[in-house]
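Coordinates from final.cif are shown below (mmCIF, C-alpha atoms).
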data_my_file
#
loop_
_atom_site.label_atom_id
_atom_site.label_comp_id
_atom_site.auth_asym_id
_atom_site.auth_seq_id
_atom_site.Cartn_x
_atom_site.Cartn_y
_atom_site.Cartn_z
CA MET A 1 3.00 84.92 -15.52
CA ALA A 2 3.41 83.39 -18.96
CA ASN A 3 6.57 85.43 -19.46
CA SER A 4 8.08 84.16 -16.21
CA THR A 5 7.13 80.59 -17.09
CA GLY A 6 8.82 80.91 -20.47
CA LEU A 7 11.89 82.43 -18.81
CA ASN A 8 12.11 79.57 -16.33
CA ALA A 9 11.73 76.99 -19.10
CA SER A 10 14.54 78.62 -21.09
CA GLU A 11 16.77 78.70 -18.01
CA VAL A 12 16.11 75.03 -17.30
CA ALA A 13 16.82 74.14 -20.93
CA GLY A 14 20.06 76.14 -20.78
CA SER A 15 21.13 74.41 -17.56
CA VAL A 16 20.42 70.95 -18.98
CA GLY A 17 22.30 71.84 -22.14
CA LEU A 18 25.25 73.09 -20.10
CA ILE A 19 25.40 69.83 -18.13
CA LEU A 20 25.24 67.70 -21.28
CA ALA A 21 27.89 69.83 -22.96
CA ALA A 22 30.17 69.48 -19.92
CA VAL A 23 29.70 65.69 -20.01
CA VAL A 24 30.64 65.64 -23.70
CA GLU A 25 33.69 67.79 -22.95
CA VAL A 26 34.92 65.52 -20.14
CA GLY A 27 34.25 62.38 -22.19
CA ALA A 28 36.23 63.75 -25.13
CA LEU A 29 39.20 64.65 -22.95
CA LEU A 30 39.35 61.42 -20.96
CA GLY A 31 38.51 59.05 -23.81
CA ASN A 32 40.95 60.49 -26.34
CA GLY A 33 43.66 60.83 -23.71
CA ALA A 34 43.34 57.18 -22.69
CA LEU A 35 43.25 55.97 -26.30
CA LEU A 36 46.30 58.05 -27.18
CA VAL A 37 48.24 56.51 -24.27
CA VAL A 38 47.25 53.00 -25.42
CA VAL A 39 48.28 53.71 -29.02
CA LEU A 40 51.64 55.17 -28.00
CA ARG A 41 52.38 52.31 -25.57
CA THR A 42 51.52 49.58 -28.11
CA PRO A 43 54.18 49.46 -30.86
CA GLY A 44 52.65 46.76 -33.07
CA LEU A 45 49.18 48.28 -33.37
CA ARG A 46 47.79 48.64 -36.87
CA ASP A 47 46.66 52.09 -38.04
CA ALA A 48 48.57 53.54 -35.09
CA LEU A 49 49.44 56.81 -36.78
CA TYR A 50 45.89 57.42 -38.02
CA LEU A 51 44.44 56.65 -34.58
CA ALA A 52 46.97 58.90 -32.86
CA HIS A 53 46.18 61.68 -35.34
CA LEU A 54 42.45 61.35 -34.67
CA CYS A 55 43.06 61.49 -30.91
CA VAL A 56 45.25 64.59 -31.26
CA VAL A 57 42.63 66.39 -33.37
CA ASP A 58 39.89 65.50 -30.90
CA LEU A 59 42.00 66.69 -27.98
CA LEU A 60 42.78 69.97 -29.75
CA ALA A 61 39.07 70.49 -30.40
CA ALA A 62 38.19 69.60 -26.81
CA ALA A 63 40.77 72.07 -25.50
CA SER A 64 39.91 74.99 -27.81
CA ILE A 65 36.58 75.21 -29.60
CA MET A 66 34.51 73.21 -27.12
CA PRO A 67 35.30 75.52 -24.16
CA LEU A 68 34.53 78.47 -26.43
CA GLY A 69 31.19 76.85 -27.18
CA LEU A 70 30.53 76.55 -23.46
CA LEU A 71 31.45 80.16 -22.72
CA ALA A 72 30.64 82.23 -25.79
CA ALA A 73 27.69 80.55 -27.49
CA PRO A 74 25.06 83.05 -28.60
CA PRO A 75 21.71 83.26 -26.82
CA PRO A 76 19.75 81.07 -26.39
CA GLY A 77 22.96 79.08 -26.25
CA LEU A 78 25.08 77.91 -23.36
CA GLY A 79 27.29 80.84 -22.50
CA ARG A 80 27.11 84.62 -22.26
CA VAL A 81 30.77 85.66 -22.63
CA ARG A 82 31.37 88.10 -25.49
CA LEU A 83 34.53 87.83 -27.56
CA GLY A 84 36.42 90.71 -29.09
CA PRO A 85 37.24 91.02 -32.79
CA ALA A 86 40.59 89.20 -32.63
CA PRO A 87 39.40 86.27 -30.43
CA CYS A 88 36.29 86.03 -32.60
CA ARG A 89 38.37 85.60 -35.76
CA ALA A 90 40.58 83.08 -33.95
CA ALA A 91 37.48 81.10 -32.93
CA ARG A 92 36.25 81.15 -36.52
CA PHE A 93 39.58 79.91 -37.82
CA LEU A 94 39.84 77.10 -35.26
CA SER A 95 36.30 75.89 -35.96
CA ALA A 96 36.75 76.08 -39.72
CA ALA A 97 40.07 74.19 -39.55
CA LEU A 98 39.61 71.57 -36.80
CA LEU A 99 36.24 70.28 -37.98
CA PRO A 100 37.52 69.38 -41.50
CA ALA A 101 40.69 67.96 -39.95
CA CYS A 102 38.50 65.62 -37.88
CA THR A 103 36.20 64.53 -40.72
CA LEU A 104 39.03 64.09 -43.22
CA GLY A 105 41.04 62.19 -40.59
CA VAL A 106 38.12 59.80 -40.05
CA ALA A 107 37.88 59.28 -43.82
CA ALA A 108 41.63 58.63 -44.04
CA LEU A 109 41.37 56.06 -41.24
CA GLY A 110 38.51 54.31 -43.06
CA LEU A 111 40.45 54.20 -46.33
CA ALA A 112 43.53 52.85 -44.56
CA ARG A 113 41.49 50.03 -43.02
CA TYR A 114 39.90 49.31 -46.41
CA ARG A 115 43.31 48.92 -48.06
CA LEU A 116 44.56 46.84 -45.15
CA ILE A 117 41.59 44.43 -45.32
CA VAL A 118 40.96 44.26 -49.07
CA HIS A 119 44.58 44.42 -50.26
CA PRO A 120 46.65 43.03 -47.37
CA LEU A 121 49.38 41.58 -49.60
CA ARG A 122 50.04 44.76 -51.56
CA PRO A 123 51.67 47.22 -49.17
CA GLY A 124 53.15 49.19 -52.07
CA SER A 125 49.69 50.35 -53.13
CA ARG A 126 49.15 52.12 -49.79
CA PRO A 127 50.48 55.69 -49.61
CA PRO A 128 52.56 56.56 -46.56
CA PRO A 129 50.48 57.81 -43.64
CA VAL A 130 52.65 60.90 -43.23
CA LEU A 131 51.82 62.01 -46.76
CA VAL A 132 48.09 61.39 -46.26
CA LEU A 133 47.97 63.29 -42.97
CA THR A 134 49.97 66.16 -44.47
CA ALA A 135 47.35 66.45 -47.21
CA VAL A 136 44.61 66.38 -44.56
CA TRP A 137 46.13 69.26 -42.62
CA ALA A 138 46.82 71.23 -45.81
CA ALA A 139 43.16 70.94 -46.80
CA ALA A 140 42.07 71.83 -43.26
CA GLY A 141 44.33 74.91 -43.29
CA LEU A 142 42.89 76.08 -46.60
CA LEU A 143 39.33 75.59 -45.35
CA GLY A 144 40.21 77.45 -42.17
CA ALA A 145 41.64 80.30 -44.21
CA LEU A 146 38.24 80.74 -45.85
CA SER A 147 36.91 81.93 -42.51
CA LEU A 148 39.34 84.88 -42.60
CA LEU A 149 37.69 86.01 -45.86
CA GLY A 150 34.26 86.22 -44.25
CA PRO A 151 32.62 89.35 -42.90
CA PRO A 152 34.21 91.00 -39.86
CA PRO A 153 32.63 90.55 -36.42
CA ALA A 154 29.64 92.73 -35.69
CA PRO A 155 29.95 95.79 -33.41
CA PRO A 156 29.14 95.35 -29.70
CA PRO A 157 25.36 95.90 -29.71
CA ALA A 158 24.82 93.04 -32.18
CA PRO A 159 25.86 89.42 -31.58
CA ALA A 160 29.42 88.75 -32.66
CA ARG A 161 28.61 85.58 -34.65
CA CYS A 162 32.01 83.95 -34.16
CA SER A 163 31.00 80.52 -35.47
CA VAL A 164 31.00 79.02 -38.92
CA LEU A 165 27.24 78.59 -38.99
CA ALA A 166 26.30 82.18 -38.14
CA GLY A 167 27.88 83.87 -41.14
CA GLY A 168 31.52 83.24 -40.28
CA LEU A 169 32.37 82.12 -43.82
CA GLY A 170 30.09 84.40 -45.76
CA PRO A 171 29.56 83.18 -49.33
CA PHE A 172 32.07 80.35 -48.87
CA ARG A 173 29.85 78.32 -46.53
CA PRO A 174 28.44 75.94 -49.21
CA LEU A 175 31.93 75.25 -50.58
CA TRP A 176 33.26 74.65 -47.06
CA ALA A 177 30.38 72.28 -46.25
CA LEU A 178 30.90 70.25 -49.42
CA LEU A 179 34.65 69.83 -48.83
CA ALA A 180 34.42 69.35 -45.06
CA PHE A 181 31.43 66.99 -44.87
CA ALA A 182 30.21 65.73 -48.26
CA LEU A 183 33.62 64.58 -49.49
CA PRO A 184 34.59 62.70 -46.27
CA ALA A 185 31.12 61.14 -46.13
CA LEU A 186 31.47 59.75 -49.67
CA LEU A 187 34.98 58.45 -48.96
CA LEU A 188 33.87 56.82 -45.72
CA LEU A 189 30.81 55.25 -47.33
CA GLY A 190 32.89 53.82 -50.18
CA ALA A 191 35.57 52.45 -47.82
CA TYR A 192 33.26 50.73 -45.35
CA GLY A 193 30.95 49.58 -48.14
CA GLY A 194 33.90 47.78 -49.74
CA ILE A 195 34.85 46.25 -46.37
CA PHE A 196 31.30 44.95 -45.92
CA VAL A 197 31.19 43.45 -49.42
CA VAL A 198 34.48 41.60 -48.87
CA ALA A 199 33.39 40.33 -45.45
CA ARG A 200 30.02 39.15 -46.77
CA ARG A 201 31.68 37.26 -49.64
CA ALA A 202 33.96 35.56 -47.15
CA ALA A 203 30.94 34.62 -45.02
CA LEU A 204 29.03 33.20 -48.02
CA ARG A 205 31.99 31.10 -49.18
CA PRO A 206 31.55 27.45 -48.09
CA PRO A 207 34.32 26.10 -45.85
CA ARG A 208 36.86 23.79 -47.40
CA PRO A 209 36.80 20.18 -46.21
CA ALA A 210 39.66 19.27 -43.94
CA ARG A 211 42.40 17.10 -45.36
CA GLY A 212 41.96 13.46 -44.45
CA SER A 213 38.35 13.88 -43.32
CA ARG A 214 36.17 10.87 -43.96
CA LEU A 215 33.04 11.06 -46.07
CA ARG A 216 29.67 11.61 -44.44
CA SER A 217 27.54 8.51 -44.07
CA ASP A 218 24.19 8.19 -45.79
CA SER A 219 22.18 7.61 -42.61
CA LEU A 220 19.11 9.57 -41.56
CA ASP A 221 20.95 11.31 -38.72
CA SER A 222 23.67 12.42 -41.10
CA ARG A 223 21.10 13.88 -43.49
CA LEU A 224 19.32 15.74 -40.71
CA SER A 225 22.55 17.21 -39.39
CA ILE A 226 23.26 19.05 -42.65
CA LEU A 227 19.83 20.67 -42.89
CA PRO A 228 19.82 24.49 -42.59
CA PRO A 229 18.46 25.99 -39.37
CA LEU A 230 14.86 27.09 -39.19
CA ARG A 231 15.82 30.77 -38.81
CA PRO A 232 18.93 31.35 -40.92
CA ARG A 233 20.91 34.48 -40.17
CA LEU A 234 22.01 36.92 -42.81
CA PRO A 235 25.59 36.03 -43.81
CA GLY A 236 28.01 38.77 -42.92
CA GLY A 237 25.81 40.24 -40.20
CA LYS A 238 28.67 40.52 -37.73
CA ALA A 239 30.91 41.99 -40.41
CA ALA A 240 28.30 44.69 -41.07
CA LEU A 241 28.35 45.92 -37.47
CA ALA A 242 31.54 47.99 -37.60
CA PRO A 243 30.81 49.64 -40.99
CA ALA A 244 27.23 50.40 -39.96
CA LEU A 245 28.34 51.96 -36.67
CA ALA A 246 31.04 54.06 -38.34
CA VAL A 247 28.82 55.36 -41.13
CA GLY A 248 25.84 55.83 -38.80
CA GLN A 249 27.85 57.79 -36.23
CA PHE A 250 29.31 60.03 -38.93
CA ALA A 251 25.88 60.73 -40.41
CA ALA A 252 24.21 61.29 -37.03
CA CYS A 253 26.87 63.73 -35.79
CA TRP A 254 27.90 65.63 -38.90
CA LEU A 255 24.89 65.56 -41.24
CA PRO A 256 22.87 68.15 -39.22
CA TYR A 257 25.88 70.49 -39.13
CA GLY A 258 26.48 70.13 -42.87
CA CYS A 259 22.82 70.78 -43.65
CA ALA A 260 22.86 73.85 -41.39
CA CYS A 261 25.86 75.17 -43.32
CA LEU A 262 23.84 74.97 -46.54
CA ALA A 263 20.86 76.78 -44.97
CA PRO A 264 20.58 80.59 -44.81
CA ALA A 265 22.64 82.22 -42.08
CA ALA A 266 19.60 83.48 -40.16
CA ARG A 267 18.01 80.02 -40.03
CA ALA A 268 21.32 78.37 -39.13
CA ALA A 269 21.92 80.82 -36.27
CA GLU A 270 18.65 79.74 -34.61
CA ALA A 271 19.77 76.10 -34.30
CA GLU A 272 23.45 76.88 -33.83
CA ALA A 273 23.89 75.62 -30.24
CA ALA A 274 22.04 72.32 -30.70
CA VAL A 275 23.57 71.46 -34.08
CA THR A 276 27.06 72.45 -32.96
CA TRP A 277 27.02 70.26 -29.86
CA VAL A 278 25.61 67.30 -31.78
CA ALA A 279 28.66 67.63 -34.03
CA TYR A 280 30.98 68.05 -31.02
CA SER A 281 29.67 64.77 -29.58
CA ALA A 282 31.68 63.02 -32.29
CA PHE A 283 34.86 63.95 -30.42
CA ALA A 284 33.64 61.93 -27.42
CA ALA A 285 32.34 59.03 -29.56
CA HIS A 286 35.55 58.42 -31.53
CA PRO A 287 37.54 56.72 -28.69
CA PHE A 288 34.77 54.15 -28.18
CA LEU A 289 33.99 53.60 -31.86
CA TYR A 290 37.55 53.41 -33.19
CA GLY A 291 39.19 52.25 -29.97
CA LEU A 292 37.19 49.96 -27.71
CA LEU A 293 35.37 48.23 -30.57
CA GLN A 294 38.70 47.11 -32.04
CA ARG A 295 40.02 43.89 -30.54
CA PRO A 296 43.76 44.80 -30.66
CA VAL A 297 43.02 48.05 -28.82
CA ARG A 298 40.97 46.23 -26.18
CA LEU A 299 43.76 43.69 -25.64
CA ALA A 300 46.37 46.43 -25.34
CA LEU A 301 44.16 48.39 -22.94
CA GLY A 302 43.62 45.30 -20.77
CA ARG A 303 47.35 44.56 -20.70
CA LEU A 304 48.23 48.11 -19.69
CA SER A 305 45.50 48.24 -17.06
CA ARG A 306 46.70 44.96 -15.52
CA ARG A 307 50.20 46.39 -15.29
CA ALA A 308 48.87 49.41 -13.41
CA LEU A 309 46.92 47.30 -10.92
CA PRO A 310 48.40 46.17 -7.57
CA GLY A 311 49.84 42.70 -7.04
CA PRO A 312 46.76 40.64 -6.04
CA LEU A 313 44.66 42.06 -8.88
CA ARG A 314 47.49 41.66 -11.37
CA ALA A 315 47.77 37.95 -10.56
CA CYS A 316 44.16 37.34 -11.60
CA THR A 317 43.72 35.94 -15.08
CA PRO A 318 41.46 37.73 -17.58
CA GLN A 319 38.84 35.00 -17.10
CA ALA A 320 38.76 35.69 -13.37
CA TRP A 321 37.08 39.08 -13.61
CA HIS A 322 33.67 37.62 -12.92
CA PRO A 323 32.52 39.01 -9.53
CA ARG A 324 32.62 35.64 -7.74
CA ALA A 325 35.95 34.61 -9.26
CA LEU A 326 37.38 38.06 -8.56
CA LEU A 327 36.36 37.79 -4.89
CA GLN A 328 38.07 34.41 -4.62
CA CYS A 329 41.16 35.81 -6.29
CA LEU A 330 41.29 38.75 -3.88
CA GLN A 331 40.97 36.55 -0.81
CA ARG A 332 43.88 34.33 -1.93
CA PRO A 333 43.89 31.75 0.87
CA PRO A 334 47.16 29.92 1.56
CA GLU A 335 47.65 26.83 -0.53
CA GLY A 336 48.12 24.40 2.39
CA PRO A 337 45.92 25.51 5.28
CA ALA A 338 46.35 23.68 8.53
CA VAL A 339 43.27 21.81 9.63
CA GLY A 340 42.41 22.16 13.31
CA PRO A 341 41.42 19.23 15.49
CA SER A 342 37.82 20.45 15.62
CA GLU A 343 37.64 20.65 11.79
CA ALA A 344 39.17 17.22 11.17
CA PRO A 345 36.68 14.58 10.00
CA GLU A 346 35.82 11.96 12.51
CA GLN A 347 37.16 8.50 11.66
CA THR A 348 35.20 5.37 12.29
CA PRO A 349 36.90 2.60 14.19
CA GLN A 350 37.10 0.49 11.08
CA LEU A 351 38.84 3.29 9.17
CA ALA A 352 41.14 3.95 12.10
CA GLY A 353 42.22 0.34 12.01
CA GLY A 354 43.26 0.74 8.40
CA ARG A 355 40.51 -1.47 6.99
CA SER A 356 37.85 -0.57 4.50
CA PRO A 357 34.28 -0.75 5.84
CA SER A 358 33.11 -2.67 2.77
CA ILE A 359 35.83 -5.36 2.85
CA PRO A 360 35.59 -7.90 5.66
CA GLY A 361 38.67 -8.76 7.62
CA PRO A 362 40.53 -12.07 7.18
CA THR A 363 39.05 -15.00 8.98
#
Please, can you express the file's structure as structure tokens?
Amino acid sequence: MANSTGLNASEVAGSVGLILAAVVEVGALLGNGALLVVVLRTPGLRDALYLAHLCVVDLLAAASIMPLGLLAAPPPGLGRVRLGPAPCRAARFLSAALLPACTLGVAALGLARYRLIVHPLRPGSRPPPVLVLTAVWAAAGLLGALSLLGPPPAPPPAPARCSVLAGGLGPFRPLWALLAFALPALLLLGAYGGIFVVARRAALRPPRPARGSRLRSDSLDSRLSILPPLRPRLPGGKAALAPALAVGQFAACWLPYGCACLAPAARAAEAEAAVTWVAYSAFAAHPFLYGLLQRPVRLALGRLSRRALPGPLRACTPQAWHPRALLQCLQRPPEGPAVGPSEAPEQTPQLAGGRSPSIPGPT
């Protein structure tokens, strides 16, 4: 009885994990596809090449290693499909190459935004994006090649262990974890930390008085109006939102995977499915974090979506998307409706005679 209960609990856990993994897979495909279309259809978007590169890497991961995780994860994982020696090595190489390409691409995007915000008037100090992304893919290819130096897949009775965590890199796992996760984390922390410091200094700087503004009077009301509020907010709080979200998402998704890479292979294999899919959730979070939270991307997405809508919806202004205003916009009554005789207001005899009821007639 206890054995059957444990079996049912494991089956339920596997089914729930499969559903969550499928949701992450669909979110990664749809989100990165939509963001890539917006980036390609908006020519003046900043960081366009870095965003497009991040979308392409996420789409490659969602089309290759995520389906393999759904089908061929080891028990008690999500799938039960067994891979042969050649597909197993291919899965190792893809995992060991695409994951560093993603993390290094996120770090490159953060550094590009840091240079754009902190040094906006010095474009010569920014390296060309093509050179940066070439270096990213060269490093990802070298880290993927380390997986080919690992031990061969196990014979059929034993689990194949086709992932990076379960012995796919052999003795190179600590080096791969340091270059794939520790280095991008330090770069990202330095970039967004510098952005936060610059934004907080700008928030603490007092505003300059307008030219031609008159001096403040010395009355009591004038003195009370310049008093600080009772609950002052921390300056730069809004500026800290984007860096905190970026660094927090990176740490939440990739830190467990990096720590598992530094653990022994037997201990890492036990938590392989959970840690792997927490890391894969980053592919679905990137379109919302680096796309929808950016105002130029939201404006471009709204413009493209209005173009795709039919005529009545396209005529509505962006402020008219409140439910009541949208209903009025959809109804679109004619501008000059004819008023029927039953709807016409009744006129008093005085008004019919052309005289105002409050002004007496001439004597």
Mind telling me what the PyMOL selection byres ((chain A and resi 289-298) around 9) catches here, as a list in words?
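Output of the PyMOL selection byres ((chain A and resi 289-298) around 9): Leu35, Val38, Val39, Thr42, Leu45, Arg46, Leu51, Ala242, Leu245, Ala246, Gln249, Ala285, His286, Pro287, Phe288, Leu299, Ala300, Leu301, Gly302 and Arg303 of chain A.
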Between A:Val24, A:Val247, A:Leu188, A:Leu70, which residue has the minimum interatomic distance to Ala108 of chain A, considering all atoms listed in the file?
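Going through A:Val24, A:Val247, A:Leu188, A:Leu70 one by one, the smallest distance to Ala108 of chain A is for A:Leu188.
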Just want the 9 Å neighbourhood of Val136 of chain A, counted on only C-alpha atoms, with same-chain residues fewer than 6 positions away dropped. Output as a ChimeraX atom specification.
/A:100-101,104-105,108
Same residues, C-alpha atoms, saved as a compact mmCIF listing (two decimals), in the coordinates of the input:
# COMPACT_ATOMS: atom_id res chain seq x y z
CA PRO A 100 37.52 69.38 -41.50
CA ALA A 101 40.69 67.96 -39.95
CA LEU A 104 39.03 64.09 -43.22
CA GLY A 105 41.04 62.19 -40.59
CA ALA A 108 41.63 58.63 -44.04
The PyMOL selection byres ((chain A and resi 114) around 12) - which residues does that actually catch in the file I just gave you? List them as JSON, numbers by chain.
{"A": [47, 107, 108, 109, 110, 111, 112, 113, 115, 116, 117, 118, 119, 120, 125, 126, 187, 188, 189, 190, 191, 192, 193, 194, 195, 196, 197, 198, 199, 243]}
Hey, what comes out of the PyMOL selection byres ((chain A and resi 93) around 8) on this file? Could you write it as number ranges by chain?
A: 89-92, 94-97, 144-145, 147-148
Would you work out the distance separating atom CA of Glu25 of chain A from atom CA of Val106 of chain A, expressed in Å to one decimal?
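Interatomic distance here is 19.4 Å.
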I need every residue sitting at most 10 Å from the point (25.6, 72.2, -45.0) (coordinates as in the file, only C-alpha atoms considered), written as a count of residues only.
22
Have a look at A:Leu60, A:Ile65, A:Leu204, A:Ala139 and name the one nearest to Asn32 of chain A; count only C-alpha atoms.
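Among the listed residues, A:Leu60 lies closest to Asn32 of chain A.
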One-decimal distance in Å that lies between atom CA of Val130 of chain A and atom CA of Leu36 of chain A
17.5 Å
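Relative to atom CA of Thr103 of chain A, atom CA of Phe250 of chain A is found at 8.4 Å.
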Point out the residue among A:Ala52, A:Ala279, A:Leu179, A:Ala284 with the least atom-to-atom distance to Leu133 of chain A, counting only C-alpha atoms.
A:Ala52
Using all atoms listed in the file, pick whichever of A:Gly33, A:Gly44, A:Gly248, A:Gly84 has the shortest atom-to-atom distance to Ala63 of chain A.
A:Gly33
Show me, as number ranges by chain, the residues that have an atom within 8 Å of Ala61 of chain A when counting only C-alpha atoms, minus same-chain residues fewer than 4 positions from it.
A: 57, 65-66, 98, 283
Excluding Leu20 of chain A and its own-chain neighbours fewer than 6 positions away, which residues fall within 12 Å of it when counting all atoms listed in the file? Please give them as number ranges by chain.
A: 13-14, 26-27, 70, 78, 274, 277-278, 280-281, 284
Write out, as a CSV table (one decimal), in the coordinates of the input, the residues just selected, with C-alpha atoms.
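File produced: again_7.csv:
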chain,number,residue,atom,x,y,z
A,13,ALA,CA,16.8,74.1,-20.9
A,14,GLY,CA,20.1,76.1,-20.8
A,26,VAL,CA,34.9,65.5,-20.1
A,27,GLY,CA,34.2,62.4,-22.2
A,70,LEU,CA,30.5,76.6,-23.5
A,78,LEU,CA,25.1,77.9,-23.4
A,274,ALA,CA,22.0,72.3,-30.7
A,277,TRP,CA,27.0,70.3,-29.9
A,278,VAL,CA,25.6,67.3,-31.8
A,280,TYR,CA,31.0,68.0,-31.0
A,281,SER,CA,29.7,64.8,-29.6
A,284,ALA,CA,33.6,61.9,-27.4
From A:Ala9, A:Leu131, A:Ala21, A:Cys162, residue lying nearest Ala86 of chain A [only C-alpha atoms]
A:Cys162
